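> Input target.cif, format and content: mmCIF, C-alpha atoms.
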```
data_work
loop_
_atom_site.label_atom_id
_atom_site.label_comp_id
_atom_site.auth_asym_id
_atom_site.auth_seq_id
_atom_site.Cartn_x
_atom_site.Cartn_y
_atom_site.Cartn_z
CA MET Y 1 -59.59 195.73 28.12
CA PRO Y 2 -58.26 198.37 25.69
CA PRO Y 3 -58.78 197.93 21.94
CA MET Y 4 -57.03 194.97 20.36
CA ASN Y 5 -54.41 196.90 18.41
CA ASP Y 6 -53.41 198.91 21.46
CA TRP Y 7 -53.32 195.75 23.53
CA LEU Y 8 -50.88 194.04 21.17
CA THR Y 9 -48.41 196.89 20.95
CA GLN Y 10 -48.15 197.67 24.65
CA PRO Y 11 -46.94 194.70 26.68
CA GLY Y 12 -48.49 194.89 30.13
CA LEU Y 13 -49.07 192.56 33.03
CA THR Y 14 -51.28 190.22 31.00
CA HIS Y 15 -48.59 189.59 28.38
CA PHE Y 16 -46.08 188.40 30.95
CA LEU Y 17 -48.72 186.28 32.68
CA VAL Y 18 -49.69 184.64 29.39
CA VAL Y 19 -46.05 183.81 28.62
CA SER Y 20 -45.70 182.30 32.07
CA GLY Y 21 -48.95 180.37 31.72
CA ILE Y 22 -47.82 178.78 28.45
CA LEU Y 23 -44.39 177.99 29.93
CA PHE Y 24 -46.13 176.34 32.89
CA SER Y 25 -48.24 174.20 30.56
CA LEU Y 26 -45.14 173.11 28.64
CA GLY Y 27 -43.49 172.07 31.91
CA VAL Y 28 -46.56 170.05 32.92
CA PHE Y 29 -46.51 168.36 29.51
CA ALA Y 30 -42.85 167.39 29.97
CA ILE Y 31 -43.56 165.94 33.41
CA ILE Y 32 -46.54 163.90 32.18
CA THR Y 33 -45.08 162.46 28.98
CA ARG Y 34 -41.34 162.00 29.48
CA ARG Y 35 -40.05 158.68 30.76
CA ASN Y 36 -36.52 159.89 31.52
CA ALA Y 37 -36.22 161.23 35.07
CA VAL Y 38 -33.81 163.98 33.98
CA MET Y 39 -36.40 165.22 31.47
CA VAL Y 40 -38.98 165.31 34.27
CA LEU Y 41 -36.55 167.51 36.21
CA MET Y 42 -36.27 169.85 33.22
CA GLY Y 43 -40.07 170.14 33.22
CA ILE Y 44 -39.97 171.09 36.89
CA GLU Y 45 -37.39 173.79 36.14
CA LEU Y 46 -39.69 175.21 33.44
CA ILE Y 47 -42.56 175.35 35.93
CA LEU Y 48 -40.41 177.10 38.54
CA ASN Y 49 -39.35 179.67 35.93
CA ALA Y 50 -42.98 180.27 35.00
CA ALA Y 51 -43.85 180.89 38.65
CA ASN Y 52 -40.91 183.28 38.96
CA ILE Y 53 -42.06 185.33 35.97
CA ASN Y 54 -45.41 185.70 37.72
CA PHE Y 55 -43.81 186.86 40.97
CA VAL Y 56 -41.66 189.48 39.26
CA ALA Y 57 -44.47 190.66 36.96
CA PHE Y 58 -46.87 191.17 39.87
CA SER Y 59 -44.09 192.91 41.78
CA ARG Y 60 -43.72 195.44 38.98
CA PHE Y 61 -47.34 195.92 37.95
CA THR Y 62 -49.53 195.49 41.03
CA THR Y 63 -47.76 195.54 44.39
CA GLY Y 64 -44.98 198.01 43.69
CA THR Y 65 -42.63 196.53 46.29
CA PHE Y 66 -39.58 194.30 46.26
CA ASP Y 67 -41.43 191.39 47.87
CA GLY Y 68 -42.00 189.55 44.61
CA GLN Y 69 -38.35 189.81 43.61
CA VAL Y 70 -37.19 188.55 47.03
CA ILE Y 71 -39.56 185.57 46.79
CA ALA Y 72 -38.17 184.89 43.31
CA VAL Y 73 -34.66 184.78 44.80
CA PHE Y 74 -35.88 182.17 47.31
CA VAL Y 75 -37.45 180.15 44.49
CA ILE Y 76 -34.12 180.15 42.65
CA ILE Y 77 -32.33 179.01 45.84
CA LEU Y 78 -34.78 176.15 46.32
CA ALA Y 79 -34.52 175.19 42.65
CA ALA Y 80 -30.75 174.85 43.03
CA ALA Y 81 -31.11 172.67 46.13
CA GLU Y 82 -33.82 170.58 44.47
CA ALA Y 83 -31.77 170.00 41.33
CA ALA Y 84 -28.75 168.82 43.33
CA ILE Y 85 -30.74 166.40 45.50
CA ALA Y 86 -32.85 165.10 42.64
CA LEU Y 87 -29.83 164.39 40.45
CA ALA Y 88 -28.10 162.58 43.30
CA ILE Y 89 -31.20 160.39 43.67
CA VAL Y 90 -31.34 159.84 39.90
CA LEU Y 91 -27.69 158.74 39.88
CA ASN Y 92 -28.40 156.28 42.69
CA ILE Y 93 -31.43 154.92 40.85
CA TYR Y 94 -29.31 154.48 37.73
CA GLN Y 95 -26.70 152.49 39.66
CA MET Y 96 -29.39 150.28 41.13
CA PHE Y 97 -31.73 149.69 38.16
CA ASN Y 98 -29.47 150.60 35.24
CA THR Y 99 -32.23 152.83 33.89
CA VAL Y 100 -33.74 156.20 34.73
CA ASN Y 101 -37.11 155.63 33.08
CA VAL Y 102 -39.62 156.55 35.73
CA ASP Y 103 -42.20 154.00 34.56
CA GLU Y 104 -39.82 151.07 34.93
CA ILE Y 105 -38.77 151.81 38.49
CA ASN Y 106 -41.32 150.14 40.73
CA GLN Y 107 -39.60 149.04 43.93
CA LEU Y 108 -38.13 150.96 46.81
CA ARG Y 109 -36.11 148.17 48.41
CA ASP Y 110 -32.85 146.65 47.18
CA MET V 1 -43.97 200.15 17.77
CA GLU V 2 -41.74 200.91 20.69
CA LEU V 3 -38.40 199.22 21.23
CA THR V 4 -39.46 197.62 24.52
CA THR V 5 -42.43 196.04 22.77
CA ILE V 6 -40.20 194.44 20.14
CA VAL V 7 -37.74 193.29 22.81
CA PHE V 8 -40.59 191.79 24.82
CA TYR V 9 -41.86 189.78 21.87
CA VAL V 10 -38.34 188.64 20.99
CA PHE V 11 -37.66 187.36 24.50
CA ALA V 12 -41.13 185.85 24.85
CA ALA V 13 -40.61 184.03 21.54
CA ILE V 14 -37.16 182.80 22.61
CA THR V 15 -38.57 181.52 25.90
CA LEU V 16 -41.59 179.78 24.45
CA ILE V 17 -39.92 178.29 21.36
CA ALA V 18 -37.01 177.01 23.44
CA GLY V 19 -39.48 175.66 26.00
CA ALA V 20 -41.36 173.86 23.25
CA ILE V 21 -38.10 172.36 21.94
CA VAL V 22 -37.26 171.20 25.48
CA VAL V 23 -40.60 169.45 25.71
CA PHE V 24 -40.99 168.03 22.22
CA SER V 25 -37.41 167.22 21.19
CA ARG V 26 -36.65 163.54 20.86
CA SER V 27 -33.01 163.88 21.92
CA ILE V 28 -32.33 164.67 25.56
CA VAL V 29 -29.17 166.60 24.65
CA TYR V 30 -31.16 168.91 22.38
CA SER V 31 -33.60 169.39 25.25
CA ALA V 32 -30.79 170.33 27.62
CA PHE V 33 -29.39 172.91 25.23
CA ALA V 34 -32.83 174.32 24.44
CA LEU V 35 -33.32 174.74 28.17
CA LEU V 36 -30.33 177.12 28.11
CA PHE V 37 -32.17 179.40 25.70
CA ALA V 38 -35.37 179.14 27.72
CA PHE V 39 -33.51 180.31 30.86
CA PHE V 40 -31.87 183.06 28.84
CA GLY V 41 -35.24 184.26 27.55
CA VAL V 42 -36.65 184.32 31.07
CA ALA V 43 -33.65 186.40 32.17
CA GLY V 44 -34.48 188.85 29.36
CA LEU V 45 -38.06 189.07 30.62
CA TYR V 46 -36.71 189.87 34.10
CA VAL V 47 -34.71 192.75 32.62
CA LEU V 48 -37.88 194.07 30.97
CA LEU V 49 -39.58 193.86 34.36
CA MET V 50 -36.84 196.06 35.89
CA ALA V 51 -35.40 193.17 37.91
CA ASP V 52 -31.78 193.35 36.81
CA PHE V 53 -30.36 191.63 39.90
CA LEU V 54 -32.72 188.71 39.37
CA ALA V 55 -31.76 188.49 35.72
CA VAL V 56 -28.09 188.16 36.60
CA THR V 57 -28.92 185.67 39.34
CA GLN V 58 -30.99 183.68 36.86
CA LEU V 59 -28.09 183.53 34.40
CA MET V 60 -25.55 182.58 37.06
CA ILE V 61 -27.55 179.99 38.97
CA TYR V 62 -29.81 178.47 36.32
CA VAL V 63 -27.46 178.58 33.34
CA GLY V 64 -24.24 178.33 35.31
CA ALA V 65 -25.19 175.76 37.91
CA ILE V 66 -28.50 173.97 37.42
CA LEU V 67 -28.11 173.43 33.69
CA VAL V 68 -24.58 172.09 34.13
CA LEU V 69 -25.89 169.73 36.81
CA LEU V 70 -28.64 168.55 34.48
CA ILE V 71 -26.19 167.95 31.65
CA PHE V 72 -23.99 165.97 34.06
CA GLY V 73 -27.10 163.98 34.93
CA VAL V 74 -27.74 163.31 31.25
CA MET V 75 -24.17 162.23 30.62
CA LEU V 76 -23.95 159.98 33.67
CA THR V 77 -27.27 158.22 33.18
CA THR V 78 -27.38 157.71 29.44
CA ARG V 79 -25.52 154.96 27.65
CA VAL V 80 -23.48 157.10 25.29
CA ILE V 81 -21.85 154.06 23.72
CA ASP V 82 -25.19 152.67 22.56
CA VAL V 83 -26.16 156.12 21.23
CA GLN V 84 -29.26 155.74 23.36
CA MET V 85 -29.69 159.49 23.77
CA ARG V 86 -33.33 159.34 22.71
CA THR V 87 -35.90 159.44 25.43
CA GLY V 88 -39.23 157.71 25.26
CA THR V 89 -42.56 159.36 25.75
CA ILE V 90 -45.71 157.86 27.19
CA HIS V 91 -49.40 158.69 26.76
CA VAL V 92 -48.69 161.72 24.58
CA LEU V 93 -52.20 162.20 23.21
CA PRO V 94 -54.13 162.40 26.49
CA ALA V 95 -51.40 164.60 27.92
CA LEU V 96 -51.62 166.88 24.89
CA LEU V 97 -55.39 167.22 25.35
CA ILE V 98 -55.15 167.90 29.08
CA VAL V 99 -52.29 170.37 28.73
CA ALA V 100 -54.00 172.18 25.85
CA ALA V 101 -57.13 172.51 27.99
CA LEU V 102 -55.01 173.69 30.93
CA ALA V 103 -53.21 176.28 28.80
CA GLY V 104 -56.49 177.46 27.30
CA VAL V 105 -58.13 177.92 30.69
CA LEU V 106 -55.04 179.63 32.12
CA VAL V 107 -54.68 182.05 29.21
CA HIS V 108 -58.40 182.82 29.21
CA VAL V 109 -58.42 183.53 32.94
CA LEU V 110 -55.27 185.63 32.76
CA VAL V 111 -56.53 187.70 29.82
CA SER V 112 -60.09 188.20 31.02
CA THR V 113 -59.24 189.11 34.63
CA ASP V 114 -59.29 192.83 35.36
CA TRP V 115 -55.96 193.16 37.19
CA LYS V 116 -55.55 196.13 39.51
CA VAL V 117 -52.51 197.58 37.78
CA LEU V 118 -50.74 200.45 39.51
CA PRO V 119 -51.19 203.81 37.77
CA GLU V 120 -47.47 204.44 38.23
CA LEU V 121 -45.45 201.32 37.40
CA PHE V 122 -42.83 200.15 39.88
CA THR V 123 -39.56 201.36 38.34
CA PRO V 124 -36.77 201.18 40.93
CA GLU V 125 -33.47 202.92 40.22
CA GLU V 126 -31.48 199.99 41.59
CA THR V 127 -32.61 196.63 42.86
CA ALA V 128 -29.61 194.86 44.43
CA PRO V 129 -29.32 197.12 47.54
CA GLN V 130 -33.06 196.97 48.22
CA ILE V 131 -33.20 193.19 47.81
CA GLY V 132 -30.18 192.87 50.12
CA THR V 133 -31.80 195.08 52.73
CA ALA V 134 -35.08 193.18 52.49
CA LEU V 135 -33.24 189.86 52.86
CA LEU V 136 -31.59 191.00 56.09
CA THR V 137 -34.58 192.77 57.64
CA THR V 138 -38.08 191.58 56.66
CA TYR V 139 -36.98 188.23 55.25
CA VAL V 140 -34.14 187.40 57.63
CA LEU V 141 -35.81 184.22 58.93
CA PRO V 142 -36.50 182.71 55.46
CA PHE V 143 -32.99 183.80 54.50
CA GLU V 144 -31.41 181.84 57.36
CA VAL V 145 -33.68 178.85 56.74
CA ALA V 146 -32.67 178.93 53.07
CA SER V 147 -29.00 178.87 54.02
CA VAL V 148 -29.58 175.85 56.26
CA ILE V 149 -31.53 174.16 53.47
CA LEU V 150 -28.65 174.74 51.05
CA LEU V 151 -26.20 173.23 53.54
CA VAL V 152 -28.43 170.22 54.13
CA ALA V 153 -28.97 169.78 50.39
CA LEU V 154 -25.22 169.96 49.75
CA ILE V 155 -24.37 167.35 52.38
CA GLY V 156 -27.36 165.20 51.45
CA ALA V 157 -26.56 165.24 47.74
CA ALA V 158 -22.96 164.25 48.41
CA MET V 159 -24.05 161.47 50.77
CA ILE V 160 -26.72 160.06 48.45
CA ALA V 161 -24.56 160.16 45.34
CA ARG V 162 -21.48 158.64 47.00
CA ARG V 163 -23.17 155.95 49.06
CA GLU V 164 -21.12 152.79 49.04
CA ARG V 165 -23.07 149.89 47.61
CA LYS V 166 -22.92 146.55 49.42
CA VAL V 167 -22.52 143.99 46.68
#
```
Could you express the structure from this file as structure tokens?

Amino acid sequence: MPPMNDWLTQPGLTHFLVVSGILFSLGVFAIITRRNAVMVLMGIELILNAANINFVAFSRFTTGTFDGQVIAVFVIILAAAEAAIALAIVLNIYQMFNTVNVDEINQLRD
Amino acid sequence: MELTTIVFYVFAAITLIAGAIVVFSRSIVYSAFALLFAFFGVAGLYVLLMADFLAVTQLMIYVGAILVLLIFGVMLTTRVIDVQMRTGTIHVLPALLIVAALAGVLVHVLVSTDWKVLPELFTPEETAPQIGTALLTTYVLPFEVASVILLVALIGAAMIARRERKV
């Protein structure tokens, strides 16, 4: 590792990875602690964004190809599909239980 | 200090502070709007990583579509009349410990690893044509599968959300 001062003033691969690591941890925290299902979804979106930063950062700094960016496009596509399906399920749960708190929903049948 | 360095720290700060507000805010509406800034900050990081097409895609799909969906979800599942916009949290302290340990391990591993960084950084002139070519040549099978998945998700979401309830 270069000297500390140099390291701080020149953002490299590690800086982006650290940002993504912290963002990932925040998303995990949201998923663990929030009771509202929509908040859990927001945590998942944070985690997907953290993963995407990693893909693009590695694409620029280590592989030097477009593969990482293409994978990031697929991640965004899947995130869109996941958000639509998950919110439809959340709406259905709300109609059935009149709540979206994930710790109060404990039966699958009607 | 170079301009890109300052811009990096600005966008990293926007992303992380907004992410922290998303996670720690008591009001779900504040969380939803903080998520907008988190997505915006990530788009800025993409620009710094020379991924301009991805940055625009991020803004259009995350901010334009997913966030609007989430806000619809908030509005449709929260009793606005009762002003019950606050969301409860459970086992915060153990989660805080575990997540702090996770973040510490992650950051330590990421900083201490000796990454094989290219001597010449990957700086493409333009990204959209290359990504389009890659999608239709190397990645044509995942591309088609993704389109089927989107179709299935669209139909499935409409079916699930509109299912008639037998009273």
> Env of stretch 71-79 of chain V: 10 Å cut, atoms = all atoms listed in the file, seq-sep filter 5 positions within chain, self excluded. Answer as a list of chain:residue names.
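Final neighbour list, sorted by chain and number: Y:Asn36, Y:Ala37, Y:Val38, Y:Met39, Y:Ala83, Y:Ala84, Y:Ala86, Y:Leu87, Y:Ala88, Y:Val90, Y:Leu91, Y:Asn92, Y:Ile93, Y:Tyr94, Y:Gln95, Y:Asn98, Y:Thr99, Y:Val100, V:Ile28, V:Val29, V:Ser31, V:Ala32, V:Phe33, V:Ile66, V:Gln84, V:Met85, V:Arg86, V:Thr87.
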> Pull out every residue of chain V that has at least one atom within 7 Å of chain Y, counting only C-alpha atoms, and report them as a PyMOL selection string.
chain V and resi 1+5+12+16+19-20+23+49+54+66+70+73-74+77+87-92+95+99+102-103+106-107+110-111+116-118+121-122+131+150+153+156-157+160-161
> Have a look at atom CA of V:Val56 and atom CA of V:Glu2 and let me know their distance in Å, one decimal.
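Taking atom CA of V:Val56 and atom CA of V:Glu2, their separation equals 24.5 Å.
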> Since I can't run it myself right now, could you work out what the PyMOL selection byres ((chain V and resi 63-65) around 10) selects here and report it as a list in words?
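So the PyMOL selection byres ((chain V and resi 63-65) around 10) ends up selecting Ala80, Ala83 and Ala84 of chain Y; Leu35, Leu36, Phe37, Ala38, Phe39, Phe40, Thr57, Gln58, Leu59, Met60, Ile61, Tyr62, Ile66, Leu67, Val68, Leu69 and Leu70 of chain V.
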> Atom CA of V:Arg26 and atom CA of Y:Leu48 are how many Å apart?
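Pair atom CA of V:Arg26 / atom CA of Y:Leu48 returns 22.6 Å.
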> Please measure the separation of atom CA of V:Gln130 and atom CA of V:Ile6, giving the value in Å to one decimal.
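We find that atom CA of V:Gln130 and atom CA of V:Ile6 lie 29.1 Å from each other.
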> Closest to V:Ala134 among Y:Phe97, Y:Leu108, Y:Ala51, Y:Gly68, using all atoms listed in the file?
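The answer is Y:Gly68, which sits nearest to V:Ala134.
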